[in-house]
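Content type PDB, C-alpha atoms and all ligand atoms, from the file target01.pdb:
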```pdb
ATOM      1  CA  MET A1232      23.798  14.170  -9.886
ATOM      2  CA  THR A1233      22.711  15.797 -13.159
ATOM      3  CA  THR A1234      22.010  12.857 -15.449
ATOM      4  CA  ILE A1235      21.638   9.103 -15.457
ATOM      5  CA  SER A1236      23.339   7.331 -18.328
ATOM      6  CA  THR A1237      21.395   5.098 -20.684
ATOM      7  CA  GLU A1238      23.186   2.027 -19.277
ATOM      8  CA  GLN A1239      22.409   3.010 -15.686
ATOM      9  CA  PHE A1240      18.787   3.712 -16.518
ATOM     10  CA  GLU A1241      18.440   0.362 -18.266
ATOM     11  CA  ARG A1242      19.899  -1.369 -15.198
ATOM     12  CA  ALA A1243      17.555   0.561 -12.874
ATOM     13  CA  ARG A1244      14.639  -0.382 -15.141
ATOM     14  CA  GLN A1245      15.480  -4.087 -14.958
ATOM     15  CA  LEU A1246      16.001  -3.963 -11.191
ATOM     16  CA  ALA A1247      12.726  -2.125 -10.485
ATOM     17  CA  LEU A1248      10.900  -4.757 -12.535
ATOM     18  CA  ARG A1249      12.683  -7.678 -10.898
ATOM     19  CA  LEU A1250      12.509  -6.394  -7.320
ATOM     20  CA  ALA A1251       9.055  -4.821  -7.192
ATOM     21  CA  GLY A1252       7.285  -5.481 -10.498
ATOM     22  CA  ILE A1253       7.549  -1.766 -11.241
ATOM     23  CA  GLU A1254       7.725  -0.609 -14.836
ATOM     24  CA  LEU A1255       9.910   2.385 -15.670
ATOM     25  CA  PHE A1256       9.509   4.452 -18.814
ATOM     26  CA  GLU A1257      11.913   6.953 -20.348
ATOM     27  CA  ARG A1258      10.156   9.803 -18.544
ATOM     28  CA  HIS A1259      11.251   8.266 -15.239
ATOM     29  CA  ARG A1260      14.927   8.892 -16.035
ATOM     30  CA  GLU A1261      14.670  12.572 -15.102
ATOM     31  CA  ILE A1262      12.524  11.752 -12.043
ATOM     32  CA  LEU A1263      15.144   9.228 -10.898
ATOM     33  CA  ALA A1264      17.932  11.805 -11.233
ATOM     34  CA  ARG A1265      15.932  14.465  -9.358
ATOM     35  CA  ARG A1266      14.910  12.181  -6.492
ATOM     36  CA  SER A1267      18.424  10.712  -6.236
ATOM     37  CA  ARG A1268      19.771  14.243  -5.716
ATOM     38  CA  ARG A1269      17.122  14.868  -3.075
ATOM     39  CA  MET A1270      18.045  11.645  -1.286
ATOM     40  CA  GLY A1271      21.709  12.673  -1.154
ATOM     41  CA  ILE A1272      22.952  10.512  -4.045
ATOM     42  CA  GLU A1273      25.277  13.196  -5.323
ATOM     43  CA  ASN A1274      27.004  11.640  -8.310
ATOM     44  CA  CYS A1275      26.971   8.859 -10.875
ATOM     45  CA  SER A1276      29.273   6.593  -8.887
ATOM     46  CA  ALA A1277      27.011   6.768  -5.820
ATOM     47  CA  PHE A1278      24.047   5.859  -8.039
ATOM     48  CA  GLU A1279      26.098   3.058  -9.592
ATOM     49  CA  ALA A1280      26.900   1.762  -6.080
ATOM     50  CA  LEU A1281      23.205   1.750  -5.191
ATOM     51  CA  LEU A1282      22.398  -0.224  -8.349
ATOM     52  CA  GLU A1283      25.203  -2.683  -7.641
ATOM     53  CA  ALA A1284      24.094  -3.238  -4.026
ATOM     54  CA  ALA A1285      20.468  -3.707  -5.070
ATOM     55  CA  ASP A1286      21.585  -6.143  -7.773
ATOM     56  CA  GLN A1287      23.603  -8.127  -5.210
ATOM     57  CA  GLY A1288      20.489  -8.609  -3.069
ATOM     58  CA  ASP A1289      21.016  -5.858  -0.462
ATOM     59  CA  GLU A1290      17.394  -5.422   0.624
ATOM     60  CA  ARG A1291      17.840  -1.858   1.944
ATOM     61  CA  ALA A1292      19.410  -0.794  -1.367
ATOM     62  CA  GLY A1293      16.595  -2.459  -3.268
ATOM     63  CA  THR A1294      13.983  -0.677  -1.165
ATOM     64  CA  ARG A1295      15.843   2.613  -1.618
ATOM     65  CA  LEU A1296      15.815   2.144  -5.374
ATOM     66  CA  VAL A1297      12.093   1.302  -5.340
ATOM     67  CA  GLY A1298      11.565   4.409  -3.186
ATOM     68  CA  LEU A1299      13.152   6.516  -5.925
ATOM     69  CA  VAL A1300      10.474   5.505  -8.410
ATOM     70  CA  THR A1301       7.362   5.314  -6.201
ATOM     71  CA  THR A1302       6.041   7.710  -3.590
ATOM     72  CA  ASN A1303       4.869   7.127  -0.032
ATOM     73  CA  PHE A1304       2.332   9.926  -0.342
ATOM     74  CA  THR A1305      -0.774   9.267   1.725
ATOM     75  CA  HIS A1306      -2.777  10.904   4.493
ATOM     76  CA  PHE A1307      -5.505  10.070   6.990
ATOM     77  CA  PHE A1308      -8.986   9.486   5.554
ATOM     78  CA  ARG A1309      -7.870   9.855   1.935
ATOM     79  CA  HIS A1310     -11.206   9.369   0.115
ATOM     80  CA  PRO A1311     -13.272   9.248   3.333
ATOM     81  CA  ARG A1312     -16.125   7.200   1.923
ATOM     82  CA  HIS A1313     -13.765   4.249   1.413
ATOM     83  CA  PHE A1314     -13.421   4.019   5.192
ATOM     84  CA  THR A1315     -17.148   4.347   5.801
ATOM     85  CA  ALA A1316     -17.791   1.574   3.256
ATOM     86  CA  ALA A1317     -15.057  -0.654   4.734
ATOM     87  CA  ALA A1318     -16.474  -0.227   8.255
ATOM     88  CA  GLU A1319     -20.049  -0.953   7.093
ATOM     89  CA  HIS A1320     -18.773  -4.039   5.292
ATOM     90  CA  ALA A1321     -17.002  -5.201   8.455
ATOM     91  CA  VAL A1322     -20.180  -4.727  10.515
ATOM     92  CA  THR A1323     -22.088  -6.936   8.056
ATOM     93  CA  ALA A1324     -19.323  -9.570   8.043
ATOM     94  CA  VAL A1325     -19.289  -9.695  11.852
ATOM     95  CA  SER A1326     -23.076 -10.052  11.995
ATOM     96  CA  GLU A1327     -22.818 -12.993   9.555
ATOM     97  CA  ARG A1328     -19.626 -14.753  10.668
ATOM     98  CA  GLY A1329     -18.602 -13.225  13.976
ATOM     99  CA  ARG A1330     -15.314 -11.754  12.681
ATOM    100  CA  ALA A1331     -14.004  -9.502   9.948
ATOM    101  CA  SER A1332     -10.570  -8.931   8.485
ATOM    102  CA  ILE A1333      -9.150  -6.140   6.404
ATOM    103  CA  TRP A1334      -5.876  -5.861   4.452
ATOM    104  CA  SER A1335      -4.219  -2.584   3.548
ATOM    105  CA  THR A1336      -1.824  -3.879   0.880
ATOM    106  CA  ALA A1337       0.333  -0.791   0.272
ATOM    107  CA  SER A1338      -0.047   0.878   3.617
ATOM    108  CA  SER A1339       2.957   3.167   3.226
ATOM    109  CA  THR A1340       3.486   5.124   6.470
ATOM    110  CA  GLY A1341       0.299   3.818   8.120
ATOM    111  CA  GLU A1342      -2.315   6.520   7.672
ATOM    112  CA  GLU A1343      -4.572   4.246   5.602
ATOM    113  CA  PRO A1344      -4.784   1.275   8.027
ATOM    114  CA  TYR A1345      -5.065   3.573  11.062
ATOM    115  CA  SER A1346      -7.926   5.452   9.357
ATOM    116  CA  ALA A1347      -9.604   2.089   8.777
ATOM    117  CA  ALA A1348      -9.085   1.178  12.442
ATOM    118  CA  ILE A1349     -10.628   4.481  13.590
ATOM    119  CA  ALA A1350     -13.627   3.980  11.293
ATOM    120  CA  ILE A1351     -14.020   0.427  12.661
ATOM    121  CA  ILE A1352     -13.866   1.522  16.314
ATOM    122  CA  GLU A1353     -16.479   4.187  15.594
ATOM    123  CA  ALA A1354     -18.753   1.830  13.648
ATOM    124  CA  PHE A1355     -18.658  -0.881  16.343
ATOM    125  CA  GLY A1356     -18.789   1.595  19.225
ATOM    126  CA  THR A1357     -16.018  -0.275  21.045
ATOM    127  CA  GLU A1358     -12.228  -0.170  21.196
ATOM    128  CA  ASP A1359     -12.141  -3.955  20.985
ATOM    129  CA  PRO A1360     -14.134  -4.903  17.883
ATOM    130  CA  PRO A1361     -13.798  -8.445  16.438
ATOM    131  CA  VAL A1362     -11.849  -7.119  13.466
ATOM    132  CA  THR A1363      -8.198  -7.488  12.444
ATOM    133  CA  ILE A1364      -6.382  -5.173  10.079
ATOM    134  CA  LEU A1365      -3.234  -6.312   8.300
ATOM    135  CA  ALA A1366      -1.122  -3.449   6.938
ATOM    136  CA  SER A1367       1.765  -4.224   4.618
ATOM    137  CA  ASP A1368       4.213  -2.518   2.308
ATOM    138  CA  ILE A1369       7.419  -3.287   0.454
ATOM    139  CA  ASP A1370       9.151  -0.301   2.056
ATOM    140  CA  HIS A1371      10.742  -1.081   5.451
ATOM    141  CA  ALA A1372      11.302   2.612   6.224
ATOM    142  CA  ALA A1373       7.615   3.384   5.641
ATOM    143  CA  LEU A1374       6.667   0.476   7.918
ATOM    144  CA  ASP A1375       8.982   1.890  10.608
ATOM    145  CA  VAL A1376       7.113   5.218  10.421
ATOM    146  CA  ALA A1377       3.822   3.328  10.729
ATOM    147  CA  ARG A1378       5.206   1.497  13.760
ATOM    148  CA  ARG A1379       6.075   4.827  15.450
ATOM    149  CA  ALA A1380       2.554   6.060  14.540
ATOM    150  CA  GLU A1381       3.461   9.716  15.093
ATOM    151  CA  TYR A1382       2.173  12.209  12.535
ATOM    152  CA  ASP A1383       2.324  15.905  11.710
ATOM    153  CA  GLY A1384      -0.233  18.408  10.492
ATOM    154  CA  ALA A1385       0.028  17.465   6.795
ATOM    155  CA  ALA A1386      -0.945  13.827   7.424
ATOM    156  CA  LEU A1387      -3.644  14.897   9.882
ATOM    157  CA  SER A1388      -5.201  17.795   7.952
ATOM    158  CA  THR A1389      -8.273  15.672   7.131
ATOM    159  CA  VAL A1390      -8.804  14.515  10.724
ATOM    160  CA  ASP A1391     -11.421  16.612  12.500
ATOM    161  CA  GLU A1392     -10.910  17.909  16.018
ATOM    162  CA  GLY A1393     -13.251  15.335  17.591
ATOM    163  CA  ARG A1394     -11.363  12.419  16.065
ATOM    164  CA  LEU A1395      -8.030  13.978  16.928
ATOM    165  CA  GLN A1396      -8.972  14.220  20.599
ATOM    166  CA  MET A1397     -10.573  10.765  20.645
ATOM    167  CA  HIS A1398      -8.046   8.653  18.709
ATOM    168  CA  PHE A1399      -4.699  10.459  19.143
ATOM    169  CA  ARG A1400      -2.594  11.908  21.947
ATOM    170  CA  PRO A1401      -0.189  14.833  21.653
ATOM    171  CA  ALA A1402       3.454  13.905  20.958
ATOM    172  CA  SER A1403       6.293  15.591  22.794
ATOM    173  CA  SER A1404       7.195  17.673  19.732
ATOM    174  CA  ARG A1405       4.812  20.475  18.892
ATOM    175  CA  SER A1406       2.034  19.926  16.302
ATOM    176  CA  ARG A1407       2.626  16.176  16.233
ATOM    177  CA  TRP A1408       0.194  13.516  17.386
ATOM    178  CA  ILE A1409       0.519   9.816  18.209
ATOM    179  CA  VAL A1410      -2.164   7.308  17.291
ATOM    180  CA  ALA A1411      -3.932   5.977  20.393
ATOM    181  CA  ASP A1412      -3.039   2.476  21.592
ATOM    182  CA  ALA A1413      -6.545   1.111  20.973
ATOM    183  CA  VAL A1414      -6.265   2.059  17.286
ATOM    184  CA  ARG A1415      -2.717   0.705  16.993
ATOM    185  CA  HIS A1416      -3.695  -2.606  18.584
ATOM    186  CA  LEU A1417      -6.101  -3.336  15.741
ATOM    187  CA  VAL A1418      -3.348  -3.017  13.113
ATOM    188  CA  LYS A1419      -0.704  -5.674  12.428
ATOM    189  CA  LEU A1420       2.221  -4.335  10.346
ATOM    190  CA  ARG A1421       4.106  -6.691   8.025
ATOM    191  CA  HIS A1422       6.545  -6.536   5.125
ATOM    192  CA  VAL A1423       4.940  -7.854   1.926
ATOM    193  CA  ASN A1424       6.141  -7.427  -1.646
ATOM    194  CA  LEU A1425       2.979  -7.803  -3.723
ATOM    195  CA  VAL A1426       4.813  -9.366  -6.660
ATOM    196  CA  ASP A1427       6.477 -12.075  -4.566
ATOM    197  CA  PRO A1428       5.212 -15.472  -5.755
ATOM    198  CA  GLU A1429       3.956 -16.267  -2.233
ATOM    199  CA  TRP A1430       2.389 -13.826   0.220
ATOM    200  CA  SER A1431       3.430 -14.601   3.791
ATOM    201  CA  GLU A1432       0.036 -13.471   5.082
ATOM    202  CA  LYS A1433      -3.061 -15.306   3.950
ATOM    203  CA  GLY A1434      -6.729 -14.314   3.838
ATOM    204  CA  PRO A1435      -9.541 -14.546   3.319
ATOM    205  CA  TYR A1436     -10.318 -10.882   3.838
ATOM    206  CA  ASP A1437     -13.612  -9.024   3.866
ATOM    207  CA  VAL A1438     -12.032  -5.817   2.597
ATOM    208  CA  ILE A1439      -8.767  -5.215   0.722
ATOM    209  CA  PHE A1440      -7.392  -1.712   0.232
ATOM    210  CA  CYS A1441      -5.117  -1.660  -2.817
ATOM    211  CA  ARG A1442      -4.926   2.038  -3.468
ATOM    212  CA  ASN A1443      -2.236   3.792  -5.499
ATOM    213  CA  VAL A1444       0.074   0.839  -5.972
ATOM    214  CA  LEU A1445      -1.261  -1.132  -8.976
ATOM    215  CA  MET A1446      -0.511   1.901 -11.126
ATOM    216  CA  TYR A1447       3.238   1.415 -10.591
ATOM    217  CA  LEU A1448       3.212  -2.224 -11.646
ATOM    218  CA  GLU A1449       3.990  -3.615 -15.073
ATOM    219  CA  ALA A1450       0.742  -4.715 -16.798
ATOM    220  CA  GLY A1451       1.227  -8.479 -16.305
ATOM    221  CA  HIS A1452       2.105  -8.046 -12.621
ATOM    222  CA  ARG A1453      -0.820  -5.645 -12.183
ATOM    223  CA  GLU A1454      -3.348  -8.160 -13.470
ATOM    224  CA  ASN A1455      -1.737 -11.005 -11.591
ATOM    225  CA  VAL A1456      -1.791  -9.103  -8.287
ATOM    226  CA  ALA A1457      -5.429  -8.041  -8.828
ATOM    227  CA  GLU A1458      -6.387 -11.643  -9.609
ATOM    228  CA  ARG A1459      -4.590 -12.967  -6.525
ATOM    229  CA  MET A1460      -6.379 -10.359  -4.437
ATOM    230  CA  ALA A1461      -9.680 -11.646  -5.769
ATOM    231  CA  SER A1462      -8.612 -15.088  -4.542
ATOM    232  CA  GLN A1463      -7.982 -13.627  -1.059
ATOM    233  CA  LEU A1464     -11.440 -12.056  -0.721
ATOM    234  CA  VAL A1465     -14.534 -13.731   0.673
ATOM    235  CA  PRO A1466     -17.398 -13.830  -1.864
ATOM    236  CA  GLY A1467     -18.922 -10.364  -1.880
ATOM    237  CA  GLY A1468     -15.701  -8.954  -0.356
ATOM    238  CA  LEU A1469     -14.707  -5.416  -1.172
ATOM    239  CA  LEU A1470     -11.590  -4.444  -3.150
ATOM    240  CA  ILE A1471     -10.841  -0.737  -2.870
ATOM    241  CA  LEU A1472      -8.656   1.094  -5.388
ATOM    242  CA  ASP A1473      -8.060   4.796  -5.861
ATOM    243  CA  PRO A1474     -11.105   6.170  -7.764
ATOM    244  CA  ALA A1475      -8.836   6.878 -10.766
ATOM    245  CA  GLU A1476      -7.586   3.280 -10.996
ATOM    246  CA  HIS A1477      -9.175   0.328 -12.759
ATOM    247  CA  LEU A1478      -8.858  -3.457 -12.709
ATOM    248  CA  GLY A1479      -8.426  -4.158 -16.418
ATOM    249  CA  ARG A1480      -8.885  -7.787 -17.459
ATOM    250  CA  VAL A1481      -9.826  -8.830 -13.913
ATOM    251  CA  GLU A1482     -12.780  -6.447 -13.645
ATOM    252  CA  PRO A1483     -15.458  -9.031 -14.682
ATOM    253  CA  LEU A1484     -14.771 -10.862 -11.404
ATOM    254  CA  PHE A1485     -16.218  -7.854  -9.595
ATOM    255  CA  SER A1486     -19.285  -5.673  -9.612
ATOM    256  CA  HIS A1487     -18.370  -1.990  -9.601
ATOM    257  CA  ARG A1488     -19.684  -0.092  -6.581
ATOM    258  CA  GLY A1489     -18.384   3.286  -7.776
ATOM    259  CA  GLY A1490     -15.604   5.518  -6.444
ATOM    260  CA  GLY A1491     -12.909   2.844  -6.864
ATOM    261  CA  MET A1492     -14.804   0.155  -4.903
ATOM    262  CA  PHE A1493     -15.401  -3.333  -6.315
ATOM    263  CA  ALA A1494     -17.304  -6.243  -4.751
ATOM    264  CA  LEU A1495     -16.193  -9.782  -5.637
ATOM    265  CA  ARG A1496     -19.038 -11.499  -7.482
ATOM    266  CA  PRO A1497     -20.071 -14.443  -5.282
ATOM    267  CA  ALA A1498     -20.523 -16.887  -8.155
ATOM    268  CA  VAL A1499     -17.237 -16.277  -9.928
ATOM    269  CA  ARG A1500     -14.272 -17.447  -7.919
ATOM    270  CA  PRO A1501     -11.226 -17.374 -10.188
ATOM    271  CA  PRO A1502      -9.903 -20.883 -10.892
ATOM    272  CA  SER A1503      -6.908 -21.556  -8.661
ATOM    273  CA  VAL A1504      -4.718 -22.489 -11.614
ATOM    274  CA  SER A1505      -4.886 -18.907 -12.933
ATOM    275  CA  LEU A1506      -3.940 -17.492  -9.543
ATOM    276  CA  ARG A1507      -0.360 -18.674  -9.567
ATOM    277  CA  ALA A1508       2.163 -15.857  -9.306
ATOM    278  CA  ARG A1509       4.403 -15.022 -12.214
ATOM    279  CA  SER A1510       7.840 -16.424 -11.661
TER     280      SER A1510
HETATM  281  C1  LIG A1601       1.386   6.169  -2.877
HETATM  282  S1  LIG A1601       1.662   4.953  -1.634
HETATM  283  C2  LIG A1601       0.004   4.398  -1.331
HETATM  284  C3  LIG A1601      -0.433   4.671   0.098
HETATM  285  C4  LIG A1601      -1.909   4.388   0.402
HETATM  286  N1  LIG A1601      -2.319   3.086  -0.089
HETATM  287  C5  LIG A1601      -2.788   5.459  -0.174
HETATM  288  O1  LIG A1601      -3.369   5.263  -1.241
HETATM  289  O2  LIG A1601      -2.896   6.531   0.415
HETATM  290  C6  LIG A1601       2.318   3.626  -2.638
HETATM  291  C7  LIG A1601       2.989   2.547  -1.790
HETATM  292  O3  LIG A1601       3.150   1.379  -2.594
HETATM  293  C8  LIG A1601       4.291   0.696  -2.108
HETATM  294  N2  LIG A1601       4.728  -0.299  -3.096
HETATM  295  C9  LIG A1601       5.288  -0.103  -4.321
HETATM  296  N3  LIG A1601       5.543  -1.272  -4.908
HETATM  297  C10 LIG A1601       5.130  -2.250  -4.052
HETATM  298  C11 LIG A1601       5.137  -3.675  -4.088
HETATM  299  N4  LIG A1601       5.634  -4.340  -5.145
HETATM  300  N5  LIG A1601       4.636  -4.347  -3.031
HETATM  301  C12 LIG A1601       4.137  -3.692  -1.942
HETATM  302  N6  LIG A1601       4.115  -2.344  -1.848
HETATM  303  C13 LIG A1601       4.602  -1.636  -2.891
HETATM  304  C14 LIG A1601       5.282   1.830  -1.889
HETATM  305  O4  LIG A1601       6.327   1.457  -1.022
HETATM  306  C15 LIG A1601       4.384   2.926  -1.295
HETATM  307  O5  LIG A1601       4.417   2.928   0.108
END
```

Could you take the file, read its structure, and then write that structure out as structure tokens?
Ligand SMILES: C[S@@+](CC[C@H](N)C(=O)[O-])C[C@H]1O[C@@H](n2cnc3c(N)ncnc32)[C@H](O)[C@@H]1O
Amino acid sequence: MTTISTEQFERARQLALRLAGIELFERHREILARRSRRMGIENCSAFEALLEAADQGDERAGTRLVGLVTTNFTHFFRHPRHFTAAAEHAVTAVSERGRASIWSTASSTGEEPYSAAIAIIEAFGTEDPPVTILASDIDHAALDVARRAEYDGAALSTVDEGRLQMHFRPASSRSRWIVADAVRHLVKLRHVNLVDPEWSEKGPYDVIFCRNVLMYLEAGHRENVAERMASQLVPGGLLILDPAEHLGRVEPLFSHRGGGMFALRPAVRPPSVSLRARS
């Protein structure tokens, strides 16, 4: 497919906003055309069919459309100090309350929550720490990859040899590794669309990873999601973004810990009335 018509782009724009809270700008038109070609959508009528199916509520088509405008890019221990900080935070939470819980809100293909699980196992010195990790994404295909938990060299390039031997086992195909059962058991995988008015999974959480997803969302959705995350954190809980991201209007609820990490100020719980999702 060489181009996307103005009408098709407008329809894609409205669907991305409605289905995933994602805002498309004119520059995305070319990206959409390029990625559609790569995903085997060869011509305008195939693209039109995808739009129609997504519009009619076909969840796979909707996810495919969202996948055309976002990326699943991630890898193990992306920004390693986030995982050290999350594990230290969990150790403190367990010493205070006996349990800790972590949510990876846009977990993509699983590298982020499994990195957190490895950091937790290492910090607690046991394969059975009193910590749960929820990993969620809007993309069913990405969640399926996370469920298989088998990765290649690109995803694993930041995993050192010691960790590889300790927390993975070789897969049958060459240069691929499977995450060890003890690590997988700590992670619960679920489908969650962050802009849905209700989240099926409820906190409170000690640590929330929300890295590289807010940036796709339309400004109102972005602030609303960040505010609802604040409501899901325990006082003092840690919200972790990519170091290049920021919280905008919601930032005063947090104290900035640097490197994309924000701790919920204990005294300022957002009033529940302002936490309602946009309809
Ligand atoms: C670039 S990946 C981020 C992976 C990981 N958090 C990291 O930073 O390495 C972005 C993910 O956001 C997910 N996503 C996009 N919109 C979403 C939404 N409305 N709700 C939940 N996940 C969403 C995409 O499916 C994709 O897997």

Go through A:Trp1334, A:Trp1408, A:Tyr1382, A:Phe1304 and flag the residue nearest ligand LIG 1601 (chain A), using only C-alpha atoms and all ligand atoms for the distances.
-> A:Phe1304

Got a sec to resolve the PyMOL selection byres (((not hetatm)) within 9 of (chain A and resi 1601)) on this structure and send the residues as a PDB file with C-alpha atoms, in the coordinates of the input?
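The new file expr-v1.pdb reads:
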```
ATOM      1  CA  LEU A1250      12.509  -6.394  -7.320  1.00  0.00           C
ATOM      2  CA  ALA A1251       9.055  -4.821  -7.192  1.00  0.00           C
ATOM      3  CA  GLY A1252       7.285  -5.481 -10.498  1.00  0.00           C
ATOM      4  CA  ILE A1253       7.549  -1.766 -11.241  1.00  0.00           C
ATOM      5  CA  THR A1294      13.983  -0.677  -1.165  1.00  0.00           C
ATOM      6  CA  VAL A1297      12.093   1.302  -5.340  1.00  0.00           C
ATOM      7  CA  GLY A1298      11.565   4.409  -3.186  1.00  0.00           C
ATOM      8  CA  VAL A1300      10.474   5.505  -8.410  1.00  0.00           C
ATOM      9  CA  THR A1301       7.362   5.314  -6.201  1.00  0.00           C
ATOM     10  CA  THR A1302       6.041   7.710  -3.590  1.00  0.00           C
ATOM     11  CA  ASN A1303       4.869   7.127  -0.032  1.00  0.00           C
ATOM     12  CA  PHE A1304       2.332   9.926  -0.342  1.00  0.00           C
ATOM     13  CA  THR A1305      -0.774   9.267   1.725  1.00  0.00           C
ATOM     14  CA  HIS A1306      -2.777  10.904   4.493  1.00  0.00           C
ATOM     15  CA  PHE A1307      -5.505  10.070   6.990  1.00  0.00           C
ATOM     16  CA  PHE A1308      -8.986   9.486   5.554  1.00  0.00           C
ATOM     17  CA  ARG A1309      -7.870   9.855   1.935  1.00  0.00           C
ATOM     18  CA  HIS A1310     -11.206   9.369   0.115  1.00  0.00           C
ATOM     19  CA  SER A1335      -4.219  -2.584   3.548  1.00  0.00           C
ATOM     20  CA  THR A1336      -1.824  -3.879   0.880  1.00  0.00           C
ATOM     21  CA  ALA A1337       0.333  -0.791   0.272  1.00  0.00           C
ATOM     22  CA  SER A1338      -0.047   0.878   3.617  1.00  0.00           C
ATOM     23  CA  SER A1339       2.957   3.167   3.226  1.00  0.00           C
ATOM     24  CA  THR A1340       3.486   5.124   6.470  1.00  0.00           C
ATOM     25  CA  GLY A1341       0.299   3.818   8.120  1.00  0.00           C
ATOM     26  CA  GLU A1342      -2.315   6.520   7.672  1.00  0.00           C
ATOM     27  CA  GLU A1343      -4.572   4.246   5.602  1.00  0.00           C
ATOM     28  CA  PRO A1344      -4.784   1.275   8.027  1.00  0.00           C
ATOM     29  CA  SER A1367       1.765  -4.224   4.618  1.00  0.00           C
ATOM     30  CA  ASP A1368       4.213  -2.518   2.308  1.00  0.00           C
ATOM     31  CA  ILE A1369       7.419  -3.287   0.454  1.00  0.00           C
ATOM     32  CA  ASP A1370       9.151  -0.301   2.056  1.00  0.00           C
ATOM     33  CA  HIS A1371      10.742  -1.081   5.451  1.00  0.00           C
ATOM     34  CA  ALA A1372      11.302   2.612   6.224  1.00  0.00           C
ATOM     35  CA  ALA A1373       7.615   3.384   5.641  1.00  0.00           C
ATOM     36  CA  LEU A1374       6.667   0.476   7.918  1.00  0.00           C
ATOM     37  CA  HIS A1422       6.545  -6.536   5.125  1.00  0.00           C
ATOM     38  CA  VAL A1423       4.940  -7.854   1.926  1.00  0.00           C
ATOM     39  CA  ASN A1424       6.141  -7.427  -1.646  1.00  0.00           C
ATOM     40  CA  LEU A1425       2.979  -7.803  -3.723  1.00  0.00           C
ATOM     41  CA  VAL A1426       4.813  -9.366  -6.660  1.00  0.00           C
ATOM     42  CA  ASP A1427       6.477 -12.075  -4.566  1.00  0.00           C
ATOM     43  CA  PHE A1440      -7.392  -1.712   0.232  1.00  0.00           C
ATOM     44  CA  CYS A1441      -5.117  -1.660  -2.817  1.00  0.00           C
ATOM     45  CA  ARG A1442      -4.926   2.038  -3.468  1.00  0.00           C
ATOM     46  CA  ASN A1443      -2.236   3.792  -5.499  1.00  0.00           C
ATOM     47  CA  VAL A1444       0.074   0.839  -5.972  1.00  0.00           C
ATOM     48  CA  LEU A1445      -1.261  -1.132  -8.976  1.00  0.00           C
ATOM     49  CA  TYR A1447       3.238   1.415 -10.591  1.00  0.00           C
ATOM     50  CA  LEU A1448       3.212  -2.224 -11.646  1.00  0.00           C
ATOM     51  CA  LEU A1472      -8.656   1.094  -5.388  1.00  0.00           C
ATOM     52  CA  ASP A1473      -8.060   4.796  -5.861  1.00  0.00           C
TER      53      ASP A1473
END
```

Have a look at A:Glu1432, A:Glu1449, A:Glu1257, A:Glu1454 and name the one nearest to Ile1333 (chain A); count all atoms listed in the file.
->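 Looking at the shortest contact to Ile1333 (chain A), the residue is A:Glu1432.
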
Pairwise distance, CA of Ile1349 (chain A) with CA of Glu1458 (chain A), equals 28.6 Å

Run through the PyMOL selection byres (((chain A and resi 1293) around 9) and not hetatm) on the given coordinates and return the selected residues as a ChimeraX atom specification.
-> /A:1246-1247,1250-1251,1281-1282,1284-1286,1288-1292,1294-1298

Find the residues around Asp1391 (chain A) up to 12 Å (all atoms listed in the file counted), leave out those fewer than 5 positions away in its own chain, and share them as number ranges by chain.
-> A: 1307-1308, 1311, 1384, 1386, 1396-1399
